[in-house]
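Coordinates from entry-v8.csv are shown below (CSV, C-alpha atoms and all ligand atoms).
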chain,number,residue,atom,x,y,z
A,1,MET,CA,0.0,0.0,0.0
A,2,SER,CA,1.5,3.3,-1.0
A,3,SER,CA,1.3,6.5,1.1
A,4,ASP,CA,1.7,10.1,0.2
A,5,VAL,CA,2.0,11.3,3.8
A,6,THR,CA,5.2,13.2,4.6
A,7,HIS,CA,6.6,12.0,8.0
A,8,SER,CA,8.5,14.3,10.3
A,9,PRO,CA,11.6,13.0,12.2
A,10,ASN,CA,9.6,12.5,15.4
A,11,ASN,CA,7.0,10.5,13.6
A,12,GLU,CA,9.2,7.4,13.1
A,13,HIS,CA,7.1,5.2,15.4
A,14,GLY,CA,4.0,5.9,13.4
A,15,THR,CA,5.8,5.1,10.2
A,16,GLU,CA,6.9,1.7,11.6
A,17,LEU,CA,3.3,0.9,12.6
A,18,GLU,CA,2.1,1.9,9.2
A,19,GLN,CA,4.6,-0.4,7.5
A,20,ALA,CA,3.8,-3.3,9.7
A,21,SER,CA,0.1,-3.0,9.2
A,22,SER,CA,0.5,-2.6,5.4
A,23,SER,CA,2.5,-5.8,5.3
A,24,GLU,CA,-0.1,-7.9,7.1
A,25,VAL,CA,-2.7,-9.7,5.1
A,26,PHE,CA,-6.2,-10.1,6.7
A,27,THR,CA,-8.6,-12.5,5.4
A,28,ASN,CA,-12.3,-11.9,5.7
A,29,PRO,CA,-13.5,-14.5,8.2
A,30,GLY,CA,-17.0,-14.1,6.9
A,31,LEU,CA,-20.1,-14.6,8.9
A,32,PRO,CA,-20.3,-17.5,11.5
A,33,PRO,CA,-22.6,-20.3,10.5
A,34,HIS,CA,-26.2,-19.7,11.3
A,35,VAL,CA,-27.3,-21.7,14.3
A,36,HIS,CA,-30.9,-22.7,14.1
A,37,ARG,CA,-33.2,-22.2,17.0
A,38,PHE,CA,-35.9,-24.6,18.1
A,39,GLY,CA,-38.6,-22.6,16.5
A,40,ASP,CA,-36.8,-22.5,13.1
A,41,ASP,CA,-37.1,-26.2,12.6
A,42,ASP,CA,-39.9,-27.2,14.9
A,43,ALA,CA,-43.4,-25.8,14.1
A,44,LYS,CA,-44.6,-26.8,17.6
A,45,ALA,CA,-41.9,-24.8,19.2
A,46,ALA,CA,-42.7,-21.8,17.0
A,47,ARG,CA,-46.3,-22.1,17.9
A,48,ARG,CA,-45.4,-22.2,21.6
A,49,SER,CA,-43.3,-19.0,21.2
A,50,GLU,CA,-46.2,-17.4,19.5
A,51,ARG,CA,-48.5,-18.2,22.4
A,52,GLN,CA,-45.9,-16.8,24.8
A,53,VAL,CA,-45.7,-13.6,22.9
A,54,ALA,CA,-49.4,-13.3,22.7
A,55,SER,CA,-49.7,-13.9,26.4
A,56,LEU,CA,-47.4,-11.0,27.1
A,57,PHE,CA,-49.4,-8.7,24.9
A,58,VAL,CA,-52.6,-9.9,26.6
A,59,LEU,CA,-51.0,-9.2,30.0
A,60,SER,CA,-50.3,-5.7,28.8
A,61,MET,CA,-53.9,-5.3,27.8
A,62,ILE,CA,-55.2,-6.5,31.1
A,63,ALA,CA,-52.9,-4.1,33.0
A,64,THR,CA,-54.0,-1.2,30.8
A,65,VAL,CA,-57.7,-1.9,31.5
A,66,LEU,CA,-56.9,-2.2,35.3
A,67,PHE,CA,-55.1,1.2,35.0
A,68,VAL,CA,-58.3,2.8,33.9
A,69,VAL,CA,-60.4,1.0,36.5
A,70,PHE,CA,-58.0,1.9,39.3
A,71,TYR,CA,-57.9,5.5,38.1
A,72,PHE,CA,-61.6,5.9,38.8
A,73,ALA,CA,-62.1,3.3,41.5
A,74,VAL,CA,-59.3,4.1,44.0
A,75,GLY,CA,-59.9,7.1,46.2
A,76,ASP,CA,-57.3,9.9,46.2
A,77,ASP,CA,-56.9,9.7,50.0
A,78,ASP,CA,-56.6,5.9,50.3
A,79,LEU,CA,-53.3,4.8,51.8
A,80,ILE,CA,-51.4,1.5,51.8
A,81,THR,CA,-48.3,0.5,53.7
A,82,LEU,CA,-45.6,-1.2,51.8
A,83,PRO,CA,-42.7,-3.1,53.3
A,84,LEU,CA,-39.4,-1.1,53.3
A,85,ILE,CA,-41.2,1.9,51.8
A,86,GLY,CA,-43.9,2.7,54.3
A,87,PRO,CA,-47.3,4.4,53.7
A,88,MET,CA,-48.1,5.8,50.3
A,89,LYS,CA,-51.1,6.7,48.2
A,90,ALA,CA,-52.9,3.6,47.0
A,91,LEU,CA,-53.8,5.3,43.8
A,92,HIS,CA,-50.2,6.2,42.9
A,93,PHE,CA,-49.1,2.6,43.7
A,94,ALA,CA,-51.9,1.1,41.6
A,95,LEU,CA,-51.4,3.4,38.6
A,96,GLY,CA,-47.6,2.9,38.7
A,97,VAL,CA,-47.8,-0.9,38.8
A,98,THR,CA,-50.4,-1.3,36.1
A,99,LEU,CA,-48.6,1.2,33.8
A,100,ALA,CA,-45.3,-0.6,34.4
A,101,VAL,CA,-46.9,-4.0,33.6
A,102,SER,CA,-48.6,-2.6,30.6
A,103,LEU,CA,-45.3,-1.3,29.1
A,104,LEU,CA,-43.3,-4.3,30.1
A,105,GLY,CA,-45.9,-6.6,28.5
A,106,ILE,CA,-45.4,-4.9,25.2
A,107,GLY,CA,-41.7,-4.7,25.6
A,108,PHE,CA,-41.0,-8.3,26.6
A,109,GLY,CA,-43.5,-9.5,24.0
A,110,ALA,CA,-41.7,-7.7,21.3
A,111,VAL,CA,-38.3,-8.9,22.4
A,112,HIS,CA,-39.4,-12.5,22.8
A,113,TRP,CA,-41.0,-12.3,19.3
A,114,ALA,CA,-37.8,-11.1,17.8
A,115,LYS,CA,-35.7,-13.7,19.6
A,116,THR,CA,-37.7,-16.7,18.9
A,117,ILE,CA,-39.8,-16.2,15.8
A,118,MET,CA,-38.3,-13.5,13.6
A,119,SER,CA,-35.4,-14.5,11.4
A,120,ASP,CA,-32.0,-14.1,13.1
A,121,GLU,CA,-29.9,-14.7,10.1
A,122,GLU,CA,-27.2,-12.1,9.7
A,123,VAL,CA,-26.9,-10.4,6.3
A,124,VAL,CA,-24.3,-8.2,4.8
A,125,GLU,CA,-25.3,-4.9,3.5
A,126,GLU,CA,-22.7,-3.3,1.2
A,127,ARG,CA,-22.1,0.4,1.5
A,128,HIS,CA,-23.4,2.5,-1.3
A,129,GLU,CA,-23.8,6.2,-2.3
A,130,LEU,CA,-25.9,8.3,-0.1
A,131,ARG,CA,-28.7,8.4,-2.6
A,132,SER,CA,-29.9,5.0,-3.5
A,133,SER,CA,-30.7,4.2,-7.1
A,134,ASP,CA,-34.3,4.0,-8.2
A,135,GLU,CA,-33.9,0.2,-8.3
A,136,ALA,CA,-32.6,0.2,-4.7
A,137,ARG,CA,-35.5,2.4,-3.5
A,138,ALA,CA,-37.9,0.1,-5.1
A,139,GLY,CA,-36.0,-2.8,-3.5
A,140,ALA,CA,-36.4,-1.1,-0.1
A,141,VAL,CA,-40.1,-1.5,-0.5
A,142,ASP,CA,-39.6,-5.2,-1.3
A,143,VAL,CA,-37.3,-5.5,1.8
A,144,LEU,CA,-40.1,-4.0,4.0
A,145,ALA,CA,-42.5,-6.5,2.5
A,146,GLU,CA,-40.0,-9.2,3.1
A,147,GLY,CA,-39.6,-8.0,6.7
A,148,ALA,CA,-43.3,-8.4,7.2
A,149,GLU,CA,-43.0,-11.9,5.8
A,150,VAL,CA,-40.0,-12.8,7.9
A,151,SER,CA,-41.6,-11.5,11.1
A,152,GLN,CA,-44.5,-13.8,10.1
A,153,ILE,CA,-46.9,-11.1,11.3
A,154,ASN,CA,-49.3,-11.9,8.4
A,155,ARG,CA,-49.2,-15.6,9.0
A,156,ARG,CA,-49.6,-15.2,12.8
A,157,PRO,CA,-52.9,-13.3,13.2
A,158,LEU,CA,-52.9,-14.1,17.0
A,159,ILE,CA,-49.7,-12.0,17.4
A,160,LYS,CA,-51.0,-9.4,14.9
A,161,TYR,CA,-54.2,-8.8,16.7
A,162,THR,CA,-52.9,-9.0,20.3
A,163,LEU,CA,-50.1,-6.6,19.5
A,164,GLY,CA,-52.6,-4.2,17.8
A,165,GLY,CA,-54.8,-4.5,20.9
A,166,ALA,CA,-52.0,-3.9,23.3
A,167,LEU,CA,-50.7,-0.9,21.4
A,168,GLY,CA,-54.2,0.5,20.8
A,169,LEU,CA,-55.3,0.1,24.4
A,170,PHE,CA,-52.0,1.7,25.6
A,171,ALA,CA,-53.2,5.0,24.2
A,172,ILE,CA,-56.1,5.0,26.6
A,173,PRO,CA,-54.1,5.8,29.8
A,174,LEU,CA,-52.4,8.7,28.0
A,175,GLY,CA,-55.8,10.1,27.1
A,176,VAL,CA,-57.2,9.5,30.5
A,177,GLN,CA,-54.2,11.2,32.1
A,178,LEU,CA,-54.5,14.1,29.7
A,179,VAL,CA,-58.1,14.7,30.3
A,180,GLY,CA,-58.5,13.6,33.9
A,181,GLY,CA,-55.0,14.4,35.2
A,182,LEU,CA,-55.3,18.2,34.7
A,183,GLY,CA,-56.8,18.5,38.2
A,184,PRO,CA,-60.0,20.2,39.2
A,185,LEU,CA,-61.4,23.2,37.4
A,186,PRO,CA,-60.3,26.5,38.9
A,187,GLY,CA,-62.9,27.7,41.3
A,188,ASN,CA,-62.9,30.7,43.6
A,189,ASP,CA,-60.4,29.3,46.1
A,190,LEU,CA,-58.0,32.1,45.7
A,191,SER,CA,-60.6,34.7,46.7
A,192,THR,CA,-60.6,33.6,50.3
A,193,THR,CA,-57.7,33.1,52.6
A,194,LEU,CA,-57.4,32.6,56.4
A,195,TRP,CA,-57.0,36.4,56.8
A,196,ASP,CA,-60.8,36.6,56.0
A,197,THR,CA,-61.7,34.8,59.2
A,198,LYS,CA,-61.1,35.4,62.9
A,199,LEU,CA,-59.7,33.1,65.5
A,200,PRO,CA,-62.2,30.8,67.3
A,201,ASN,CA,-62.1,33.2,70.2
A,202,GLY,CA,-63.3,36.0,67.9
A,203,LYS,CA,-60.1,37.9,67.9
A,204,PRO,CA,-58.4,39.0,64.6
A,205,ARG,CA,-55.4,36.9,63.5
A,206,ARG,CA,-52.0,38.2,64.4
A,207,LEU,CA,-49.2,38.3,61.8
A,208,MET,CA,-46.8,35.4,62.7
A,209,ARG,CA,-43.1,35.0,61.7
A,210,ASP,CA,-42.6,32.2,59.2
A,211,PRO,CA,-41.3,29.6,60.1
A,212,GLU,CA,-40.8,30.5,63.8
A,213,GLY,CA,-44.5,31.0,64.4
A,214,THR,CA,-44.0,34.0,66.8
A,215,ALA,CA,-46.1,37.1,66.8
A,216,ILE,CA,-44.6,40.4,65.6
A,217,ARG,CA,-44.8,43.6,67.4
A,218,LEU,CA,-44.9,46.9,65.5
A,219,SER,CA,-41.7,47.9,67.2
A,220,ASP,CA,-39.9,44.7,65.9
A,221,VAL,CA,-40.2,46.0,62.4
A,222,SER,CA,-37.2,48.3,61.8
A,223,MET,CA,-36.7,50.4,58.7
A,224,GLY,CA,-35.7,48.3,55.7
A,225,SER,CA,-36.4,45.0,57.4
A,226,ALA,CA,-38.6,42.3,55.8
A,227,PHE,CA,-40.6,39.5,57.5
A,228,HIS,CA,-42.1,36.4,55.9
A,229,VAL,CA,-45.5,36.1,57.6
A,230,LEU,CA,-48.3,33.6,58.0
A,231,PRO,CA,-51.6,34.1,59.8
A,232,GLU,CA,-52.1,33.0,63.4
A,233,GLY,CA,-54.0,29.8,64.0
A,234,ILE,CA,-53.4,27.8,60.9
A,235,ASP,CA,-55.6,24.7,61.2
A,236,ASP,CA,-53.2,21.8,60.8
A,237,THR,CA,-55.9,19.3,60.1
A,238,GLU,CA,-57.4,20.8,57.0
A,239,HIS,CA,-55.1,21.3,54.0
A,240,PRO,CA,-52.6,23.4,56.0
A,241,LEU,CA,-50.4,23.7,53.0
A,242,ASN,CA,-53.1,25.3,51.0
A,243,GLN,CA,-53.9,27.7,53.8
A,244,LYS,CA,-50.3,28.7,54.2
A,245,VAL,CA,-49.6,29.1,50.5
A,246,LYS,CA,-52.6,31.4,49.9
A,247,ALA,CA,-52.1,33.5,53.0
A,248,SER,CA,-48.4,34.0,53.0
A,249,VAL,CA,-47.4,37.6,53.2
A,250,LEU,CA,-44.3,39.8,53.1
A,251,LEU,CA,-44.1,42.6,55.7
A,252,VAL,CA,-41.8,45.5,55.1
A,253,LYS,CA,-41.2,48.9,56.7
A,254,LEU,CA,-40.8,51.8,54.3
A,255,GLU,CA,-40.1,55.5,54.8
A,256,GLU,CA,-43.7,56.9,55.0
A,257,SER,CA,-42.7,59.8,52.7
A,258,LEU,CA,-41.8,57.3,50.0
A,259,ILE,CA,-45.2,55.7,49.8
A,260,ARG,CA,-47.1,57.2,46.9
A,261,SER,CA,-50.5,55.6,47.3
A,262,ALA,CA,-53.0,57.0,49.9
A,263,ARG,CA,-54.7,53.6,50.2
A,264,GLN,CA,-51.4,51.9,50.8
A,265,LYS,CA,-50.6,54.3,53.6
A,266,GLU,CA,-54.0,53.9,55.1
A,267,TRP,CA,-53.8,50.0,55.0
A,268,GLY,CA,-50.4,50.0,56.6
A,269,ILE,CA,-49.3,51.5,59.9
A,270,GLY,CA,-46.3,53.9,60.3
A,271,GLY,CA,-44.8,52.8,57.0
A,272,VAL,CA,-45.2,49.1,57.7
A,273,VAL,CA,-47.0,47.4,54.9
A,274,ALA,CA,-48.0,43.8,54.1
A,275,TYR,CA,-48.5,42.3,50.7
A,276,SER,CA,-49.4,38.9,49.4
A,277,LYS,CA,-46.2,36.9,48.5
A,278,ILE,CA,-47.9,35.0,45.7
A,279,CYS,CA,-46.8,36.2,42.3
A,280,THR,CA,-49.7,37.3,40.1
A,281,HIS,CA,-48.0,35.8,37.1
A,282,VAL,CA,-48.1,32.0,37.9
A,283,GLY,CA,-47.8,31.9,41.6
A,284,CYS,CA,-44.2,31.7,42.6
A,285,PRO,CA,-43.3,33.2,46.0
A,286,VAL,CA,-42.2,36.8,45.6
A,287,GLY,CA,-39.6,36.8,48.3
A,288,LEU,CA,-36.6,38.9,47.1
A,289,TYR,CA,-36.9,42.4,48.6
A,290,GLU,CA,-34.3,45.0,47.4
A,291,GLN,CA,-33.9,47.5,50.2
A,292,GLN,CA,-32.3,50.3,48.1
A,293,THR,CA,-34.9,50.4,45.4
A,294,HIS,CA,-37.9,49.0,47.4
A,295,HIS,CA,-38.5,46.6,44.6
A,296,LEU,CA,-39.9,43.1,45.1
A,297,LEU,CA,-38.6,40.5,42.6
A,298,CYS,CA,-40.1,37.2,41.7
A,299,PRO,CA,-37.3,34.7,41.1
A,300,CYS,CA,-39.3,32.6,38.6
A,301,HIS,CA,-39.6,35.0,35.6
A,302,GLN,CA,-38.3,38.3,37.1
A,303,SER,CA,-41.5,40.1,37.5
A,304,THR,CA,-40.7,43.2,39.6
A,305,PHE,CA,-43.2,45.0,41.9
A,306,ASP,CA,-42.7,48.5,43.3
A,307,MET,CA,-43.4,48.6,47.0
A,308,THR,CA,-43.6,52.3,47.1
A,309,ASN,CA,-46.4,52.4,44.6
A,310,ASP,CA,-49.0,49.8,45.8
A,311,CYS,CA,-46.8,46.9,44.4
A,312,GLU,CA,-47.5,47.8,40.8
A,313,VAL,CA,-45.7,45.7,38.2
A,314,ILE,CA,-42.8,47.6,36.8
A,315,PHE,CA,-41.1,44.7,34.9
A,316,GLY,CA,-41.8,41.2,33.8
A,317,PRO,CA,-44.7,39.1,32.7
A,318,ALA,CA,-47.0,39.7,35.7
A,319,LYS,CA,-50.0,41.8,34.9
A,320,ARG,CA,-51.5,42.8,38.3
A,321,PRO,CA,-50.1,44.3,41.5
A,322,LEU,CA,-49.8,42.2,44.6
A,323,PRO,CA,-52.8,42.4,46.9
A,324,GLN,CA,-52.3,44.4,50.1
A,325,LEU,CA,-53.3,43.1,53.5
A,326,LYS,CA,-54.8,45.8,55.8
A,327,ILE,CA,-53.0,45.7,59.2
A,328,ALA,CA,-53.3,47.4,62.6
A,329,VAL,CA,-51.9,46.9,66.1
A,330,ASP,CA,-53.8,45.1,68.9
A,331,ASP,CA,-54.0,46.1,72.5
A,332,ASP,CA,-50.8,44.2,73.3
A,333,GLY,CA,-48.8,45.9,70.5
A,334,TYR,CA,-48.9,43.0,68.0
A,335,LEU,CA,-49.6,43.4,64.4
A,336,ILE,CA,-53.0,42.0,63.3
A,337,ALA,CA,-55.0,41.8,60.0
A,338,THR,CA,-58.2,43.7,60.2
A,339,GLN,CA,-59.6,42.2,57.0
A,340,GLY,CA,-58.7,39.8,54.3
A,341,PHE,CA,-57.3,40.6,50.9
A,342,GLN,CA,-59.7,42.6,48.7
A,343,GLU,CA,-58.6,40.9,45.5
A,344,PRO,CA,-57.9,37.2,44.8
A,345,VAL,CA,-54.3,36.3,45.4
A,346,GLY,CA,-51.9,34.8,42.9
A,347,PRO,CA,-52.5,34.1,39.2
A,348,SER,CA,-56.3,34.2,39.6
A,349,PHE,CA,-57.2,35.8,36.3
A,350,TRP,CA,-60.3,33.7,36.1
A,351,GLU,CA,-61.6,35.1,39.3
A,352,ARG,CA,-61.3,38.7,38.4
A,353,SER,CA,-63.7,40.7,36.3
A,401,LIG,S1,-44.3,33.5,38.6
A,401,LIG,FE1,-43.5,35.4,39.2
A,401,LIG,S2,-42.8,36.2,37.3
A,401,LIG,FE2,-43.6,34.3,36.8

Give the structure from the file, written as C-alpha cells.
Ligand code: FES
Amino acid sequence: MSSDVTHSPNNEHGTELEQASSSEVFTNPGLPPHVHRFGDDDAKAARRSERQVASLFVLSMIATVLFVVFYFAVGDDDLITLPLIGPMKALHFALGVTLAVSLLGIGFGAVHWAKTIMSDEEVVEERHELRSSDEARAGAVDVLAEGAEVSQINRRPLIKYTLGGALGLFAIPLGVQLVGGLGPLPGNDLSTTLWDTKLPNGKPRRLMRDPEGTAIRLSDVSMGSAFHVLPEGIDDTEHPLNQKVKASVLLVKLEESLIRSARQKEWGIGGVVAYSKICTHVGCPVGLYEQQTHHLLCPCHQSTFDMTNDCEVIFGPAKRPLPQLKIAVDDDGYLIATQGFQEPVGPSFWERS
C-alpha cells in the first residue's frame, strides 16, 4: 500500500506501525454459520413461542384496563403501607404498577417475538452512495414487505391482533391522564384566605413570623427589614399547605414619605405594609426584597413590583399588582390583620372581572 504522507523525524514510530500493518494480510473471516433455534425447525416450538408472545401482549392489555379501572375506583386519599417503603397513596401505587406491567408486557412480548420467531440470520449490506438508485429504492419496499414476511406477522394473526390490541389500548391511559389528570377546574379558592376569618375566640389573627410562628410587634419592624409572615391559628388538620400558600405575606417597613398611594398608607401602619407573597404571574413566592430600590422581585420570571407604589408591576410578565393586607396593632402591641385581601391572590385571572 503506498502512502503520500510526509513523515516528520519525530513520527518514526507511526511510520513503523504503518509499514507493519501494510505488510499484514487479513482474510475476511465471513459470517459465522447460522445456528438454528428450536422454532426455526420445529413448528410446535414456534407455535409455543407465538402463544408466549401473545400472552405477554394480553397481559399488557389487562394491565391497561386495570389502570383505567383503578384511576376511577381508588380514592385519592386511600393509603397503603408497603414493606421497606412505608405508607403511600394507593392510587399512585396502583397506577404505577399497572402502567409498568402494561409497558413491560409490550416490551417483553416484542423482544421474545424477535428472539424466537423473527429470522435471526445475519446479512451483509454493502455500502453505497448516499442516494440510492431507483432500483434500490424500489428494492427497499420489497425489503419491507419481506420483513413483514420474515416476522410472520401476516401468518400469525394471533400476534398481529394482540399486538394491535396492546398498542391501541395503551393509548387510553395517556388520554385518561391528559383529560383527567389536569386537576379540578379552577374555582374561587383564591378569593378567600385565612385572613378573611377570625380566630375561634373571635379575635383577629396576628401576623406570625414564618417559620418560627411567633407574633410580631410593630416595634420589631425596623426600617428596611422584611418579614415572611403567616396568619395566626393555621388549622393543621385541613389542608394546612393550601392555607399557608394562599395566606403568605411579606411585611416591610418603608419611609412613609416614599409611599405614593393613599390607600397603601392607610392600610399600613407607620410605613409598615404587608403584601401577598404569591406572584400574580403564575404563583411563585415573591420573596426577594431589594432595600435600596424598594422593589420586590419574583425569582421565577423576574416580575418586579414597586413597593412604594402599591406593588404595581414595573417589569416582567405579571399583569397585576400584589394584593395588600390591611393591618393594625392590637392592645398588646402585636400586628393583626383587620380584614382579608380585597382581591384574589396569585394568578387568579379567572376570578377577576
Ligand atoms: S411567577 Fe412570578 S414572574 Fe412568573

Applying 8 Å and only C-alpha atoms, which residues near segment 183-190 of chain A remain after dropping the ones on its own chain fewer than 3 positions away? List them as a list in words.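 Surrounding residues, per the criterion: Gly180, Thr193, Lys246, Pro344, Val345, Gly346, Ser348, Trp350 and Glu351 of chain A.
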
Compute the set of protein, DNA and RNA residues whose minimum atom distance to ligand LIG 401 (chain A) is at most 7 Å, using all atoms listed in the file, and state it as a PDB file with C-alpha atoms, keeping the file's coordinate frame.
ATOM      1  CA  CYS A 279     -46.800  36.200  42.300  1.00  0.00           C
ATOM      2  CA  THR A 280     -49.700  37.300  40.100  1.00  0.00           C
ATOM      3  CA  HIS A 281     -48.000  35.800  37.100  1.00  0.00           C
ATOM      4  CA  VAL A 282     -48.100  32.000  37.900  1.00  0.00           C
ATOM      5  CA  GLY A 283     -47.800  31.900  41.600  1.00  0.00           C
ATOM      6  CA  CYS A 284     -44.200  31.700  42.600  1.00  0.00           C
ATOM      7  CA  VAL A 286     -42.200  36.800  45.600  1.00  0.00           C
ATOM      8  CA  CYS A 298     -40.100  37.200  41.700  1.00  0.00           C
ATOM      9  CA  PRO A 299     -37.300  34.700  41.100  1.00  0.00           C
ATOM     10  CA  CYS A 300     -39.300  32.600  38.600  1.00  0.00           C
ATOM     11  CA  HIS A 301     -39.600  35.000  35.600  1.00  0.00           C
ATOM     12  CA  GLN A 302     -38.300  38.300  37.100  1.00  0.00           C
ATOM     13  CA  SER A 303     -41.500  40.100  37.500  1.00  0.00           C
ATOM     14  CA  GLY A 316     -41.800  41.200  33.800  1.00  0.00           C
ATOM     15  CA  PRO A 317     -44.700  39.100  32.700  1.00  0.00           C
ATOM     16  CA  ALA A 318     -47.000  39.700  35.700  1.00  0.00           C
TER      17      ALA A 318
END

Which distance in Å separates atom CA of Leu99 of chain A and atom CA of Met61 of chain A, to one decimal?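 Here the two named atoms are 10.3 Å from each other.
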
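Of the residues under consideration (A:Leu130, A:Leu241, A:Ile62, A:Lys203), A:Ile62 shows the shortest atom-to-atom contact distance to Leu169 of chain A when counting only C-alpha atoms.
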
Mind listing whatever residues come within 9 Å of the point (-56.5, 0.3, 32.5)? Use only C-alpha atoms, file coordinates, and give them as a ChimeraX atom specification. /A:61-71,95,98-99,102,169-170,172-173

May I ask which of the residues A:His36, A:Gly164, A:Ser49, A:Ala94 is the closest one to Asp120 of chain A, counting all atoms listed in the file?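 For Asp120 of chain A, the nearest of the candidates is A:His36.
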
So how far away is atom CA of Ala328 of chain A from atom CA of Gly268 of chain A, in Å? 7.2 Å

Close residues, Ile327 of chain A itself excluded, 9 Å, all atoms listed in the file, min 5 positions apart in chain, as JSON, numbers by chain: {"A": [207, 267, 268, 269, 272, 273, 274, 335, 336, 337, 338, 339]}

Pick from A:Tyr334, A:Glu121, A:Thr116, A:Pro87, whichever lies nearest to Pro32 of chain A using all atoms listed in the file: A:Glu121

Would you list the contacts of Leu163 of chain A as a ChimeraX atom specification, taking every protein, DNA or RNA residue within 10 Å and counting only C-alpha atoms, but skipping same-chain residues closer than 2 positions in sequence? /A:53-54,56-58,60-61,105-106,109-110,153,157-161,165-169

Keeping C-alpha atoms for every residue in the selection just given, could you write it to a file as a compact mmCIF listing (two decimals), in the frame of the given file?
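Listing of out-v2.txt after writing:
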# COMPACT_ATOMS: atom_id res chain seq x y z
CA VAL A 53 -45.70 -13.60 22.90
CA ALA A 54 -49.40 -13.30 22.70
CA LEU A 56 -47.40 -11.00 27.10
CA PHE A 57 -49.40 -8.70 24.90
CA VAL A 58 -52.60 -9.90 26.60
CA SER A 60 -50.30 -5.70 28.80
CA MET A 61 -53.90 -5.30 27.80
CA GLY A 105 -45.90 -6.60 28.50
CA ILE A 106 -45.40 -4.90 25.20
CA GLY A 109 -43.50 -9.50 24.00
CA ALA A 110 -41.70 -7.70 21.30
CA ILE A 153 -46.90 -11.10 11.30
CA PRO A 157 -52.90 -13.30 13.20
CA LEU A 158 -52.90 -14.10 17.00
CA ILE A 159 -49.70 -12.00 17.40
CA LYS A 160 -51.00 -9.40 14.90
CA TYR A 161 -54.20 -8.80 16.70
CA GLY A 165 -54.80 -4.50 20.90
CA ALA A 166 -52.00 -3.90 23.30
CA LEU A 167 -50.70 -0.90 21.40
CA GLY A 168 -54.20 0.50 20.80
CA LEU A 169 -55.30 0.10 24.40

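As for atom CA of Gly224 of chain A and atom CA of Lys253 of chain A, they are spaced 5.6 Å apart.
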
Which of these, A:Asp142, A:Asp220, A:Glu232, A:Asp78, has the shortest distance to Pro204 of chain A once you count all atoms listed in the file?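 Closest residue, counting all atoms listed in the file: A:Glu232.
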
Could N, CA and C atoms be built for segment 219-232 of chain A and written out as a PDB file, in the frame of the given file?
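The resulting selection.pdb:
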ATOM      1  N   SER A 219     -43.028  47.355  66.948  1.00  0.00           N
ATOM      2  CA  SER A 219     -41.700  47.900  67.200  1.00  0.00           C
ATOM      3  C   SER A 219     -40.589  46.900  66.749  1.00  0.00           C
ATOM      4  N   ASP A 220     -40.952  45.646  66.435  1.00  0.00           N
ATOM      5  CA  ASP A 220     -39.900  44.700  65.900  1.00  0.00           C
ATOM      6  C   ASP A 220     -39.548  45.034  64.480  1.00  0.00           C
ATOM      7  N   VAL A 221     -40.395  45.773  63.799  1.00  0.00           N
ATOM      8  CA  VAL A 221     -40.200  46.000  62.400  1.00  0.00           C
ATOM      9  C   VAL A 221     -39.359  47.271  62.172  1.00  0.00           C
ATOM     10  N   SER A 222     -38.074  47.091  61.974  1.00  0.00           N
ATOM     11  CA  SER A 222     -37.200  48.300  61.800  1.00  0.00           C
ATOM     12  C   SER A 222     -37.181  48.675  60.325  1.00  0.00           C
ATOM     13  N   MET A 223     -36.696  49.866  60.070  1.00  0.00           N
ATOM     14  CA  MET A 223     -36.700  50.400  58.700  1.00  0.00           C
ATOM     15  C   MET A 223     -35.835  49.489  57.785  1.00  0.00           C
ATOM     16  N   GLY A 224     -36.416  49.103  56.682  1.00  0.00           N
ATOM     17  CA  GLY A 224     -35.700  48.300  55.700  1.00  0.00           C
ATOM     18  C   GLY A 224     -35.796  46.784  55.963  1.00  0.00           C
ATOM     19  N   SER A 225     -36.328  46.398  57.133  1.00  0.00           N
ATOM     20  CA  SER A 225     -36.400  45.000  57.400  1.00  0.00           C
ATOM     21  C   SER A 225     -37.579  44.334  56.676  1.00  0.00           C
ATOM     22  N   ALA A 226     -37.522  43.032  56.481  1.00  0.00           N
ATOM     23  CA  ALA A 226     -38.600  42.300  55.800  1.00  0.00           C
ATOM     24  C   ALA A 226     -38.902  41.036  56.564  1.00  0.00           C
ATOM     25  N   PHE A 227     -40.161  40.748  56.768  1.00  0.00           N
ATOM     26  CA  PHE A 227     -40.600  39.500  57.500  1.00  0.00           C
ATOM     27  C   PHE A 227     -41.444  38.679  56.556  1.00  0.00           C
ATOM     28  N   HIS A 228     -41.181  37.376  56.587  1.00  0.00           N
ATOM     29  CA  HIS A 228     -42.100  36.400  55.900  1.00  0.00           C
ATOM     30  C   HIS A 228     -43.138  36.043  56.956  1.00  0.00           C
ATOM     31  N   VAL A 229     -44.408  36.181  56.584  1.00  0.00           N
ATOM     32  CA  VAL A 229     -45.500  36.100  57.600  1.00  0.00           C
ATOM     33  C   VAL A 229     -46.557  35.141  57.177  1.00  0.00           C
ATOM     34  N   LEU A 230     -47.100  34.458  58.202  1.00  0.00           N
ATOM     35  CA  LEU A 230     -48.300  33.600  58.000  1.00  0.00           C
ATOM     36  C   LEU A 230     -49.328  34.017  59.067  1.00  0.00           C
ATOM     37  N   PRO A 231     -50.592  33.686  58.852  1.00  0.00           N
ATOM     38  CA  PRO A 231     -51.600  34.100  59.800  1.00  0.00           C
ATOM     39  C   PRO A 231     -51.559  33.194  61.092  1.00  0.00           C
ATOM     40  N   GLU A 232     -51.957  33.759  62.193  1.00  0.00           N
ATOM     41  CA  GLU A 232     -52.100  33.000  63.400  1.00  0.00           C
ATOM     42  C   GLU A 232     -53.179  31.961  63.305  1.00  0.00           C
TER      43      GLU A 232
END
